[in-house]
Amino acid sequence: MTRLFSSVLVFLFLSISALCSATVENAADCVAVGMLISSCTEFVNYGYPDPIPGSSCCDAMTVLGTYSDSSDKRMWLCNCFIDLINVYNSNATAISTLSGFCGIVLGFTIDPNTDCNL
């Protein structure tokens with residue numbers, strides 16, 4: 001159990017580091033967002049368990065919410081989510097509900113029809 005917990009902490013640390021090192025100039029690189037969202041895989045793929053505040057999925061969404069503190073970062077993050085939705089189209093509804101389940105305000109709506117440039 002302790003080993004698993006340590007592995008999760010290392011993964012989160014690396015994910016947060018990768019996300020924080022991302023800049024608007026390399027907006028095409030959304031790997032860090034995908035890594036964070038990977039903690040929501042069961043919900044995105046199977047629809048359960050619902051993410052709740054304090055879960056690893058919601059912790060990842062909290063990091064993303066903290067990152068979206070400027071319009072440039074929000075636009076970048078929005079485009080990353082749209083890319084994820086386009087890749088995992090069959091799971092678009094689950095991806096779009098993550099911030100709501102976790103009570104996180106990203107400053108944009110996660111939806112395939114969202115115009116991230118507004």
# chains A, B, ... in the order shown; residues from 1 in each chain; ligands from 1

call {"tool": "residues_around", "arguments": {"residues": "Asp59 of chain A", "least_positions_apart": "6", "cutoff": "9 Å", "atoms": "only C-alpha atoms", "output": "MDAnalysis selection string"}}
result
chainID A and resid 36 39 53 102

call {"tool": "write_last_selection", "arguments": {"atoms": "C-alpha atoms", "output": "tab-separated table (two decimals), in the first residue's frame"}}
result
chain	number	residue	atom	x	y	z
A	36	LEU	CA	-3.26	14.37	-15.26
A	39	SER	CA	-6.22	9.59	-13.12
A	53	PRO	CA	-13.48	16.10	-4.34
A	102	CYS	CA	-15.01	17.99	-8.94

call {"tool": "closest_atom_pairs", "arguments": {"of": "segment 30-63 of chain A", "to": "segment 75-83 of chain A", "cutoff": "9 Å", "atoms": "only C-alpha atoms", "output": "Markdown table"}}
result
| residue | atom | partner | partner_atom | distance |
| --- | --- | --- | --- | --- |
| A:Cys30 | CA | A:Cys80 | CA | 5.5 |
| A:Val31 | CA | A:Cys80 | CA | 8.7 |
| A:Val33 | CA | A:Cys80 | CA | 7.1 |
| A:Gly34 | CA | A:Cys80 | CA | 8.3 |

call {"tool": "write_last_selection", "arguments": {"atoms": "N, CA, C and O atoms", "output": "PDB file, in the first residue's frame"}}
result
ATOM      1  N   CYS A  30       0.075  18.829 -25.248  1.00  0.00           N
ATOM      2  CA  CYS A  30      -0.916  18.681 -24.186  1.00  0.00           C
ATOM      3  C   CYS A  30      -0.726  17.373 -23.427  1.00  0.00           C
ATOM      4  O   CYS A  30      -1.631  16.912 -22.745  1.00  0.00           O
ATOM      5  N   VAL A  31       0.454  16.818 -23.526  1.00  0.00           N
ATOM      6  CA  VAL A  31       0.727  15.538 -22.874  1.00  0.00           C
ATOM      7  C   VAL A  31       0.522  15.637 -21.371  1.00  0.00           C
ATOM      8  O   VAL A  31      -0.029  14.726 -20.746  1.00  0.00           O
ATOM      9  N   VAL A  33      -1.517  17.486 -19.687  1.00  0.00           N
ATOM     10  CA  VAL A  33      -2.951  17.475 -19.374  1.00  0.00           C
ATOM     11  C   VAL A  33      -3.473  16.046 -19.468  1.00  0.00           C
ATOM     12  O   VAL A  33      -4.190  15.569 -18.587  1.00  0.00           O
ATOM     13  N   GLY A  34      -3.093  15.348 -20.524  1.00  0.00           N
ATOM     14  CA  GLY A  34      -3.502  13.954 -20.674  1.00  0.00           C
ATOM     15  C   GLY A  34      -3.025  13.086 -19.529  1.00  0.00           C
ATOM     16  O   GLY A  34      -3.743  12.194 -19.056  1.00  0.00           O
TER      17      GLY A  34
END

call {"tool": "closest_residue", "arguments": {"among": "A:Ile110, A:Leu84, A:Val105, A:Cys40", "to": "Cys58 of chain A", "atoms": "only C-alpha atoms"}}
result
A:Cys40

call {"tool": "atom_distance", "arguments": {"atom1": "atom CA of Tyr48 of chain A", "atom2": "atom CA of Tyr67 of chain A"}}
result
26.0 Å

call {"tool": "atom_distance", "arguments": {"atom1": "atom CA of Ile37 of chain A", "atom2": "atom CA of Asp111 of chain A"}}
result
15.5 Å

call {"tool": "residues_around", "arguments": {"residues": "segment 68-71 of chain A", "least_positions_apart": "2", "cutoff": "10 Å", "atoms": "only C-alpha atoms", "output": "MDAnalysis selection string"}}
result
chainID A and resid 62:66 73:78 105:108 116:118
